[in-house]
>>> print(open('structure.txt').read())   # compact mmCIF, C-alpha atoms and all ligand atoms
# COMPACT_ATOMS: atom_id res chain seq x y z
CA MET A 210 -0.17 1.89 -10.05
CA LYS A 211 0.83 2.72 -6.49
CA PHE A 212 4.31 3.69 -5.37
CA PHE A 213 5.99 1.28 -2.97
CA THR A 214 7.27 3.18 0.04
CA PHE A 215 9.07 2.53 3.30
CA GLY A 216 6.69 1.73 6.16
CA MET A 217 8.03 3.35 9.34
CA GLU A 218 7.30 6.86 10.56
CA THR A 219 10.97 7.29 11.44
CA MET A 220 13.78 5.88 9.31
CA ARG A 221 16.85 5.18 11.38
CA ILE A 222 19.01 2.55 9.71
CA THR A 223 21.52 1.13 12.17
CA GLN A 224 23.24 -1.26 9.74
CA ASN A 225 23.15 -1.22 5.95
CA TYR A 226 23.55 -4.30 3.74
CA ASN A 227 27.33 -4.04 3.72
CA GLY A 228 27.50 -3.77 7.50
CA LYS A 229 30.36 -5.69 9.06
CA ALA A 230 28.31 -6.39 12.21
CA SER A 231 26.28 -9.12 10.51
CA HIS A 232 25.19 -8.24 6.96
CA TYR A 233 28.43 -8.28 4.94
CA ASN A 234 28.22 -12.01 4.16
CA HIS A 235 24.59 -11.57 3.13
CA SER A 236 25.38 -9.08 0.40
CA HIS A 237 28.74 -10.62 -0.62
CA GLY A 238 27.73 -14.28 -0.77
CA ASN A 239 25.90 -16.38 -3.31
CA PRO A 240 22.97 -16.07 -3.39
CA ALA A 241 22.93 -12.60 -1.87
CA ASP A 242 20.34 -10.50 -0.16
CA TYR A 243 20.53 -6.90 0.97
CA PRO A 244 19.22 -6.50 4.51
CA ILE A 245 19.01 -3.30 6.47
CA ASP A 246 18.40 -3.02 10.20
CA VAL A 247 15.83 -0.38 10.98
CA ALA A 248 15.11 1.14 14.33
CA GLY A 249 12.38 3.70 14.51
CA ALA A 250 11.99 6.58 16.90
CA GLY A 251 14.96 5.54 19.04
CA SER A 252 13.55 4.03 22.17
CA GLY A 253 10.79 1.52 22.45
CA GLN A 254 9.22 -0.39 19.62
CA SER A 255 8.13 1.50 16.54
CA ALA A 256 5.63 0.01 14.13
CA TYR A 257 6.14 -1.03 10.53
CA PHE A 258 3.04 -0.25 8.46
CA ALA A 259 1.84 -1.71 5.20
CA THR A 260 2.06 1.18 2.72
CA VAL A 261 0.07 -0.72 0.09
CA ASP A 262 -2.08 -3.84 0.51
CA MET A 263 0.22 -6.78 1.22
CA LYS A 264 -0.46 -10.50 1.37
CA VAL A 265 1.21 -12.70 3.97
CA VAL A 266 3.01 -15.47 2.06
CA ALA A 267 4.97 -17.07 4.91
CA LYS A 268 5.67 -16.70 8.60
CA ARG A 269 8.30 -18.60 10.57
CA GLY A 270 9.94 -18.66 13.97
CA GLU A 271 7.14 -18.19 16.47
CA GLY A 272 7.55 -20.56 19.39
CA ASN A 273 10.73 -22.13 18.03
CA SER A 274 14.41 -21.33 17.79
CA ALA A 275 14.23 -19.69 14.34
CA THR A 276 14.11 -15.91 14.35
CA ASN A 277 10.58 -14.57 13.89
CA THR A 278 10.12 -13.54 10.27
CA ILE A 279 7.15 -12.61 8.11
CA TRP A 280 7.19 -12.70 4.29
CA LEU A 281 4.83 -10.41 2.39
CA GLU A 282 4.07 -9.55 -1.22
CA THR A 283 2.14 -6.65 -2.68
CA THR A 284 -1.30 -7.73 -3.86
CA GLU A 285 -0.83 -5.72 -7.06
CA LYS A 286 2.09 -4.56 -9.16
CA VAL A 287 3.72 -1.45 -7.71
CA LYS A 288 6.02 1.26 -8.93
CA THR A 289 9.51 1.19 -7.42
CA PRO A 290 12.69 3.09 -8.33
CA ALA A 291 13.93 0.02 -10.27
CA PHE A 292 10.86 -1.83 -11.60
CA GLU A 293 7.09 -2.07 -11.93
CA ASP A 294 6.04 -5.46 -10.64
CA ILE A 295 5.01 -7.34 -7.51
CA ALA A 296 7.39 -6.40 -4.68
CA TRP A 297 8.17 -8.57 -1.70
CA LEU A 298 9.21 -7.61 1.82
CA THR A 299 10.41 -9.51 4.86
CA LEU A 300 10.54 -8.27 8.44
CA THR A 301 12.46 -10.10 11.16
CA HIS A 302 12.88 -9.88 14.99
CA TRP A 303 9.30 -8.99 15.99
CA ASN A 304 8.34 -10.72 19.21
CA ASP A 305 6.14 -13.73 19.97
CA ASP A 306 2.66 -12.68 21.09
CA SER A 307 2.93 -9.34 19.32
CA ILE A 308 0.43 -8.01 16.77
CA THR A 309 2.05 -10.15 14.07
CA SER A 310 0.88 -13.33 15.83
CA LYS A 311 -2.66 -12.79 14.57
CA TYR A 312 -1.69 -12.99 10.90
CA LYS A 313 -1.95 -16.19 8.92
CA VAL A 314 -0.53 -17.09 5.53
CA GLY A 315 -2.97 -15.78 2.93
CA ASP A 316 -4.15 -12.81 5.01
CA VAL A 317 -4.08 -9.41 3.34
CA ILE A 318 -2.73 -6.61 5.51
CA LYS A 319 -4.36 -3.46 4.20
CA SER A 320 -2.50 -0.26 3.46
CA GLY A 321 -2.18 1.71 6.71
CA GLU A 322 -2.35 -1.32 8.99
CA ILE A 323 0.53 -2.39 11.21
CA ILE A 324 2.49 -5.45 10.08
CA CYS A 325 4.72 -5.64 13.15
CA TYR A 326 6.62 -3.77 15.80
CA GLU A 327 10.38 -3.78 16.35
CA GLY A 328 11.39 -6.62 18.62
CA THR A 329 14.20 -8.61 20.11
CA ASP A 330 13.45 -12.14 18.95
CA GLY A 331 16.95 -13.29 17.97
CA ALA A 332 18.36 -9.79 18.56
CA TYR A 333 19.93 -7.81 21.40
CA ALA A 334 18.10 -4.51 20.90
CA ASN A 335 14.71 -3.59 19.47
CA HIS A 336 14.87 -3.31 15.69
CA LEU A 337 13.66 -4.95 12.49
CA HIS A 338 15.83 -6.69 9.93
CA LEU A 339 14.32 -5.86 6.55
CA THR A 340 14.86 -7.31 3.10
CA CYS A 341 12.93 -6.69 -0.08
CA GLY A 342 12.94 -7.47 -3.77
CA ARG A 343 11.01 -8.19 -6.91
CA GLY A 344 8.54 -10.97 -7.60
CA HIS A 345 8.04 -13.83 -5.22
CA CYS A 346 9.82 -14.78 -2.00
CA ASP A 347 8.60 -17.12 0.70
CA ASN A 348 11.66 -18.70 2.25
CA TRP A 349 15.26 -18.37 3.32
CA LEU A 350 18.34 -20.45 2.55
CA LYS A 351 21.98 -20.55 3.57
CA ASN A 352 24.36 -18.93 1.07
CA ASP A 353 27.98 -19.90 0.36
CA LYS A 354 29.18 -17.56 3.12
CA GLY A 355 26.97 -19.24 5.68
CA SER A 356 24.42 -16.43 5.99
CA TRP A 357 20.68 -17.04 5.91
CA VAL A 358 19.46 -15.07 2.96
CA MET A 359 16.04 -14.73 1.36
CA SER A 360 15.06 -16.80 -1.65
CA GLY A 361 13.85 -14.93 -4.70
CA GLN A 362 15.25 -11.81 -6.30
CA SER A 363 16.54 -9.61 -3.50
CA LEU A 364 17.46 -6.02 -4.29
CA GLN A 365 18.93 -3.11 -2.38
CA PRO A 366 16.09 -1.41 -0.48
CA GLU A 367 16.76 1.93 -2.18
CA LYS A 368 15.87 0.21 -5.48
CA VAL A 369 12.64 -1.21 -4.12
CA MET A 370 11.27 1.54 -1.90
CA TYR A 371 10.69 5.22 -2.14
CA ILE A 372 10.53 7.42 0.92
CA ASP A 373 7.24 9.23 1.40
CA LYS A 374 8.45 12.35 3.22
CA GLU A 375 4.90 13.12 4.30
CA PHE A 376 4.91 9.88 6.24
CA THR A 377 8.53 9.11 7.09
CA LYS A 378 10.97 11.33 8.92
CA VAL A 379 14.48 10.36 7.84
CA VAL A 380 16.93 10.43 10.74
CA ASP A 381 19.70 8.15 9.46
CA THR A 382 20.02 6.25 6.17
CA CYS A 383 23.37 4.75 7.19
CA GLY A 384 24.93 6.04 3.98
CA LEU A 385 22.25 4.78 1.59
CA THR A 386 20.54 7.12 -0.86
CA PHE A 387 16.82 6.69 -1.18
CA GLN A 388 14.59 8.41 -3.70
CA ASP A 389 11.66 10.46 -2.54
CA LYS A 390 8.25 9.34 -3.65
CA PRO A 391 7.62 11.52 -6.71
CA LYS A 392 5.50 14.56 -5.92
CA ASP A 393 3.28 14.15 -8.94
CA ALA A 394 2.24 10.72 -7.72
CA PRO A 395 -1.14 10.16 -9.31
CA LYS A 396 -3.82 10.18 -6.69
CA ASP A 397 -6.37 7.42 -6.83
CA SER A 398 -8.75 8.94 -9.29
CA PHE A 399 -12.46 9.04 -8.57
CA LEU A 400 -13.04 8.19 -12.21
CA PRO A 401 -12.01 4.81 -13.60
CA GLU A 402 -9.11 4.46 -16.02
CA ARG A 403 -11.30 5.07 -19.09
CA GLY A 404 -11.96 8.57 -17.75
CA TRP A 405 -15.67 8.50 -16.90
CA LEU A 406 -18.36 6.59 -15.02
CA GLN A 407 -21.16 5.16 -17.13
CA ARG A 408 -24.18 2.88 -17.15
CA GLY A 409 -23.24 -0.57 -15.93
CA ASP A 410 -20.45 0.54 -13.58
CA ARG A 411 -20.51 -0.60 -10.01
CA GLY A 412 -18.64 0.21 -6.84
CA GLU A 413 -18.01 2.51 -3.97
CA ASN A 414 -17.67 5.64 -6.12
CA VAL A 415 -20.99 4.99 -7.85
CA GLU A 416 -22.58 4.59 -4.43
CA LYS A 417 -21.09 7.92 -3.32
CA LEU A 418 -22.47 9.57 -6.43
CA CYS A 419 -25.95 8.10 -5.94
CA GLN A 420 -26.02 9.19 -2.32
CA PHE A 421 -24.96 12.70 -3.30
CA MET A 422 -27.62 13.01 -6.03
CA TYR A 423 -30.26 11.68 -3.67
CA ASP A 424 -29.29 14.10 -0.90
CA THR A 425 -28.66 17.17 -3.05
CA PHE A 426 -31.25 17.08 -5.81
CA PRO A 427 -34.39 15.57 -4.32
CA ALA A 428 -36.40 17.74 -6.71
CA TYR A 429 -35.29 15.62 -9.62
CA GLU A 430 -37.27 12.81 -8.18
CA ARG A 431 -40.53 14.67 -8.78
CA THR A 432 -39.46 15.64 -12.25
CA LEU A 433 -38.53 12.14 -13.16
CA LYS A 434 -41.05 10.23 -11.05
CA ARG A 435 -38.33 7.86 -10.00
CA ASP A 436 -38.38 5.70 -6.96
CA LYS A 437 -35.82 7.07 -4.48
CA ALA A 438 -35.01 3.64 -3.21
CA LYS A 439 -33.99 2.62 -6.69
CA LEU A 440 -31.51 5.45 -6.96
CA LEU A 441 -29.45 4.39 -3.99
CA GLY A 442 -26.95 1.58 -4.28
CA ASP A 443 -23.62 0.98 -5.91
CA TYR A 444 -24.86 0.25 -9.43
CA TYR A 445 -24.90 2.83 -12.22
CA GLY A 446 -28.33 1.96 -13.56
CA GLU A 447 -31.03 3.84 -15.46
CA ASN A 448 -32.10 5.90 -12.45
CA ILE A 449 -28.75 7.46 -11.70
CA GLU A 450 -28.20 7.89 -15.42
CA ALA A 451 -31.49 9.79 -15.71
CA TRP A 452 -30.61 11.98 -12.71
CA ILE A 453 -27.22 12.78 -14.15
CA LYS A 454 -28.87 13.68 -17.49
CA GLU A 455 -31.27 15.99 -15.68
CA PHE A 456 -28.32 17.58 -13.85
CA GLN A 457 -26.44 17.99 -17.14
CA LYS A 458 -29.50 19.59 -18.75
CA ARG A 459 -29.90 22.09 -15.92
CA THR A 460 -26.21 22.99 -15.94
CA ASN A 461 -25.85 23.23 -19.71
CA LEU A 462 -23.61 20.22 -20.09
CA GLU A 463 -23.85 17.62 -22.80
CA GLN A 464 -26.55 15.17 -21.72
CA ASP A 465 -24.73 11.90 -22.14
CA GLY A 466 -25.66 10.52 -18.71
CA CYS A 467 -22.02 9.73 -17.93
CA VAL A 468 -19.85 11.33 -15.28
CA GLY A 469 -16.60 12.49 -16.83
CA PRO A 470 -14.27 15.31 -15.77
CA LEU A 471 -16.66 18.13 -16.79
CA THR A 472 -19.70 16.71 -15.04
CA LEU A 473 -17.58 15.79 -12.03
CA ALA A 474 -16.21 19.34 -11.82
CA LYS A 475 -19.77 20.71 -12.02
CA LEU A 476 -20.98 18.32 -9.32
CA LYS A 477 -18.13 19.57 -7.10
CA GLU A 478 -19.46 23.12 -7.52
CA TYR A 479 -22.61 21.80 -5.88
CA GLY A 480 -20.66 20.33 -2.98
CA PHE A 481 -19.76 16.86 -4.18
CA LYS A 482 -16.61 15.50 -2.56
CA GLU A 483 -14.65 12.59 -4.02
ZN ZN B 501 20.01 -7.52 10.44
>>> encode(input="structure.txt", output="structure tokens", more="lines below")
Ligand SMILES: [Zn+2]
Amino acid sequence: MKFFTFGMETMRITQNYNGKASHYNHSHGNPADYPIDVAGAGSGQSAYFATVDMKVVAKRGEGNSATNTIWLETTEKVKTPAFEDIAWLTLTHWNDDSITSKYKVGDVIKSGEIICYEGTDGAYANHLHLTCGRGHCDNWLKNDKGSWVMSGQSLQPEKVMYIDKEFTKVVDTCGLTFQDKPKDAPKDSFLPERGWLQRGDRGENVEKLCQFMYDTFPAYERTLKRDKAKLLGDYYGENIEAWIKEFQKRTNLEQDGCVGPLTLAKLKEYGFKE
């Protein structure tokens, strides 16, 4: 499960959710939401990046009087300081005809791609108004204090997002305390959850493995009289299994034809890179 982290390279919060400028009635009304205003590097328009894959669930305001807002949800459950579930995020004030214009409801914005830039649609100075929470959110409604708040379960951003210090430079949290993304965050493992790759598996990692075996141990082909063309591909079939067995035999590993941690470590000694 991936950690859900804040998406700007500079965190400079100019108003927290209790801010008297415009947020107090958001967080003290019913229903409540907990917006923060974020401005990035200081001048100009900083980008907000997707830090995990996120699906666009709604977009409103372009070309009309409503303030431009995009609603997004993680495509998978994520780990946050308060829960493990789908997380939602809204970003407001980006401009018409900005990068966000190209997105449609249903699009998936991949991790590392820009969702939007700070803007001034419905605002005096470049910034983004951000809310987030757990589960599903695709709309706004007026609360009993007259503020437009997000539907769904809104939570304080420090409960929903970690800060990845390798990505985000924190300049001002406006008094909020965020948790750092844990250091022992599990990296995406090359091996699937069961702990090894085996006959019948398919995917990008299998393809990488086949390509490596093909490039590094062409001699096995003569030994095994296999058709090279049949080794390449993204399917863990009998050819790659036979090549792995041959590799295991030559390196004194158990010849099970699977790639688990021991075989993977041995392959790395021969130059394999995940
Ligand atoms: Zn705001």
>>> residues_around(input="structure.txt", residues="A:Ser231", least_positions_apart="2", cutoff="12 Å", atoms="only C-alpha atoms", output="PDB file with C-alpha atoms, in the frame of the given file")
ATOM      1  CA  THR A 223      21.520   1.130  12.170  1.00  0.00           C
ATOM      2  CA  GLN A 224      23.240  -1.260   9.740  1.00  0.00           C
ATOM      3  CA  ASN A 225      23.150  -1.220   5.950  1.00  0.00           C
ATOM      4  CA  TYR A 226      23.550  -4.300   3.740  1.00  0.00           C
ATOM      5  CA  ASN A 227      27.330  -4.040   3.720  1.00  0.00           C
ATOM      6  CA  GLY A 228      27.500  -3.770   7.500  1.00  0.00           C
ATOM      7  CA  LYS A 229      30.360  -5.690   9.060  1.00  0.00           C
ATOM      8  CA  TYR A 233      28.430  -8.280   4.940  1.00  0.00           C
ATOM      9  CA  ASN A 234      28.220 -12.010   4.160  1.00  0.00           C
ATOM     10  CA  HIS A 235      24.590 -11.570   3.130  1.00  0.00           C
ATOM     11  CA  SER A 236      25.380  -9.080   0.400  1.00  0.00           C
ATOM     12  CA  HIS A 237      28.740 -10.620  -0.620  1.00  0.00           C
ATOM     13  CA  TYR A 243      20.530  -6.900   0.970  1.00  0.00           C
ATOM     14  CA  PRO A 244      19.220  -6.500   4.510  1.00  0.00           C
ATOM     15  CA  ILE A 245      19.010  -3.300   6.470  1.00  0.00           C
ATOM     16  CA  ASP A 246      18.400  -3.020  10.200  1.00  0.00           C
ATOM     17  CA  ALA A 332      18.360  -9.790  18.560  1.00  0.00           C
ATOM     18  CA  HIS A 338      15.830  -6.690   9.930  1.00  0.00           C
ATOM     19  CA  LYS A 354      29.180 -17.560   3.120  1.00  0.00           C
ATOM     20  CA  GLY A 355      26.970 -19.240   5.680  1.00  0.00           C
ATOM     21  CA  SER A 356      24.420 -16.430   5.990  1.00  0.00           C
ATOM     22  CA  TRP A 357      20.680 -17.040   5.910  1.00  0.00           C
ATOM     23  CA  VAL A 358      19.460 -15.070   2.960  1.00  0.00           C
TER      24      VAL A 358
END
>>> residues_around(input="structure.txt", residues="A:Thr329", least_positions_apart="2", cutoff="12 Å", atoms="all atoms listed in the file", output="list in words")
Ala248, Gly253, Gln254, Thr276, Asn277, Thr278, Thr301, His302, Trp303, Asn304, Asp305, Ser307, Tyr326, Glu327, Gly331, Ala332, Tyr333, Ala334, Asn335, His336, Leu337 and His338 of chain A
>>> atom_distance(input="structure.txt", atom1="atom CA of A:Tyr257", atom2="atom CA of A:Gly216")
5.2 Å
>>> closest_residue(input="structure.txt", among="A:Phe213, A:Trp349, A:Trp280, A:Tyr312", to="A:Asp294", atoms="all atoms listed in the file")
A:Phe213
>>> atom_distance(input="structure.txt", atom1="atom CA of A:Leu441", atom2="atom CA of A:Cys419")
5.5 Å
>>> residues_around(input="structure.txt", residues="A:Ile279", least_positions_apart="5", cutoff="8 Å", atoms="all atoms listed in the file", output="JSON list (two decimals) with C-alpha atoms, keeping the file's coordinate frame")
[["chain", "number", "residue", "atom", "x", "y", "z"],
["A", 265, "VAL", "CA", 1.21, -12.70, 3.97],
["A", 266, "VAL", "CA", 3.01, -15.47, 2.06],
["A", 267, "ALA", "CA", 4.97, -17.07, 4.91],
["A", 268, "LYS", "CA", 5.67, -16.70, 8.60],
["A", 269, "ARG", "CA", 8.30, -18.60, 10.57],
["A", 299, "THR", "CA", 10.41, -9.51, 4.86],
["A", 300, "LEU", "CA", 10.54, -8.27, 8.44],
["A", 301, "THR", "CA", 12.46, -10.10, 11.16]]
>>> atom_distance(input="structure.txt", atom1="atom CA of A:Asp410", atom2="atom CA of A:Tyr445")
5.2 Å
>>> residues_around(input="structure.txt", residues="A:Leu298", least_positions_apart="5", cutoff="7 Å", atoms="all atoms listed in the file", output="list of chain:residue names")
A:Trp280, A:Leu281, A:Glu282, A:Thr340, A:Cys341, A:Gly342
>>> write_last_selection(input="structure.txt", atoms="C-alpha atoms", output="mmCIF file, in the coordinates of the input")
data_model
loop_
_atom_site.group_PDB
_atom_site.id
_atom_site.type_symbol
_atom_site.label_atom_id
_atom_site.label_comp_id
_atom_site.auth_asym_id
_atom_site.auth_seq_id
_atom_site.Cartn_x
_atom_site.Cartn_y
_atom_site.Cartn_z
ATOM 1 C CA TRP A 280 7.190 -12.700 4.290
ATOM 2 C CA LEU A 281 4.830 -10.410 2.390
ATOM 3 C CA GLU A 282 4.070 -9.550 -1.220
ATOM 4 C CA THR A 340 14.860 -7.310 3.100
ATOM 5 C CA CYS A 341 12.930 -6.690 -0.080
ATOM 6 C CA GLY A 342 12.940 -7.470 -3.770
#
>>> residues_around(input="structure.txt", residues="stretch 452-469 of chain A", least_positions_apart="5", cutoff="7 Å", atoms="all atoms listed in the file", output="ChimeraX atom specification")
/A:404-407,429
>>> closest_residue(input="structure.txt", among="A:Ile318, A:Met217, A:Cys325, A:Met210", to="A:Thr377", atoms="all atoms listed in the file")
A:Met217
>>> closest_residue(input="structure.txt", among="A:Val369, A:Ala230, A:Leu471, A:Met422", to="ligand ZN 501 (chain B)", atoms="all atoms listed in the file")
A:Ala230
>>> residues_near_point(input="structure.txt", point="(-1.0, -6.1, -4.8)", cutoff="12 Å", atoms="only C-alpha atoms", output="ChimeraX atom specification")
/A:210-213,259-265,281-288,293-297,317-320,344-345
>>> write_last_selection(input="structure.txt", atoms="C-alpha atoms", output="short mmCIF file (atom, residue, chain, number, x, y, z; two decimals), in the frame of the given file")
data_model
loop_
_atom_site.label_atom_id
_atom_site.label_comp_id
_atom_site.auth_asym_id
_atom_site.auth_seq_id
_atom_site.Cartn_x
_atom_site.Cartn_y
_atom_site.Cartn_z
CA MET A 210 -0.17 1.89 -10.05
CA LYS A 211 0.83 2.72 -6.49
CA PHE A 212 4.31 3.69 -5.37
CA PHE A 213 5.99 1.28 -2.97
CA ALA A 259 1.84 -1.71 5.20
CA THR A 260 2.06 1.18 2.72
CA VAL A 261 0.07 -0.72 0.09
CA ASP A 262 -2.08 -3.84 0.51
CA MET A 263 0.22 -6.78 1.22
CA LYS A 264 -0.46 -10.50 1.37
CA VAL A 265 1.21 -12.70 3.97
CA LEU A 281 4.83 -10.41 2.39
CA GLU A 282 4.07 -9.55 -1.22
CA THR A 283 2.14 -6.65 -2.68
CA THR A 284 -1.30 -7.73 -3.86
CA GLU A 285 -0.83 -5.72 -7.06
CA LYS A 286 2.09 -4.56 -9.16
CA VAL A 287 3.72 -1.45 -7.71
CA LYS A 288 6.02 1.26 -8.93
CA GLU A 293 7.09 -2.07 -11.93
CA ASP A 294 6.04 -5.46 -10.64
CA ILE A 295 5.01 -7.34 -7.51
CA ALA A 296 7.39 -6.40 -4.68
CA TRP A 297 8.17 -8.57 -1.70
CA VAL A 317 -4.08 -9.41 3.34
CA ILE A 318 -2.73 -6.61 5.51
CA LYS A 319 -4.36 -3.46 4.20
CA SER A 320 -2.50 -0.26 3.46
CA GLY A 344 8.54 -10.97 -7.60
CA HIS A 345 8.04 -13.83 -5.22
#
>>> closest_residue(input="structure.txt", among="A:Gly328, A:Asp306, A:Tyr423, A:Pro401", to="ligand ZN 501 (chain B)", atoms="all atoms listed in the file")
A:Gly328
>>> closest_residue(input="structure.txt", among="A:Lys313, A:Lys482, A:His232, A:Lys368", to="ligand ZN 501 (chain B)", atoms="only C-alpha atoms and all ligand atoms")
A:His232
>>> decode(input="structure.txt", residues="stretch 371-396 of chain A", atoms="C-alpha atoms", output="PDB file, in the first residue's frame")
ATOM      1  CA  TYR A 371       2.231  12.715   4.995  1.00  0.00           C
ATOM      2  CA  ILE A 372       5.056  14.977   3.932  1.00  0.00           C
ATOM      3  CA  ASP A 373       7.693  13.328   1.788  1.00  0.00           C
ATOM      4  CA  LYS A 374      10.742  15.382   2.762  1.00  0.00           C
ATOM      5  CA  GLU A 375      12.615  14.092  -0.264  1.00  0.00           C
ATOM      6  CA  PHE A 376      10.022  15.767  -2.439  1.00  0.00           C
ATOM      7  CA  THR A 377       8.581  18.649  -0.430  1.00  0.00           C
ATOM      8  CA  LYS A 378      10.481  21.488   1.167  1.00  0.00           C
ATOM      9  CA  VAL A 379       8.437  22.771   4.097  1.00  0.00           C
ATOM     10  CA  VAL A 380       8.557  26.551   4.376  1.00  0.00           C
ATOM     11  CA  ASP A 381       5.423  27.283   6.415  1.00  0.00           C
ATOM     12  CA  THR A 382       2.783  24.912   7.834  1.00  0.00           C
ATOM     13  CA  CYS A 383       0.779  27.792   9.298  1.00  0.00           C
ATOM     14  CA  GLY A 384       0.844  26.121  12.703  1.00  0.00           C
ATOM     15  CA  LEU A 385      -0.222  22.643  11.562  1.00  0.00           C
ATOM     16  CA  THR A 386       1.832  19.580  12.416  1.00  0.00           C
ATOM     17  CA  PHE A 387       2.293  17.104   9.622  1.00  0.00           C
ATOM     18  CA  GLN A 388       3.885  13.688   9.916  1.00  0.00           C
ATOM     19  CA  ASP A 389       6.819  12.779   7.749  1.00  0.00           C
ATOM     20  CA  LYS A 390       6.364   9.887   5.387  1.00  0.00           C
ATOM     21  CA  PRO A 391       7.864   6.984   7.352  1.00  0.00           C
ATOM     22  CA  LYS A 392      11.435   6.231   6.334  1.00  0.00           C
ATOM     23  CA  ASP A 393      10.903   2.502   6.189  1.00  0.00           C
ATOM     24  CA  ALA A 394       8.228   2.985   3.551  1.00  0.00           C
ATOM     25  CA  PRO A 395       8.182  -0.294   1.676  1.00  0.00           C
ATOM     26  CA  LYS A 396       9.491   0.188  -1.809  1.00  0.00           C
TER      27      LYS A 396
END
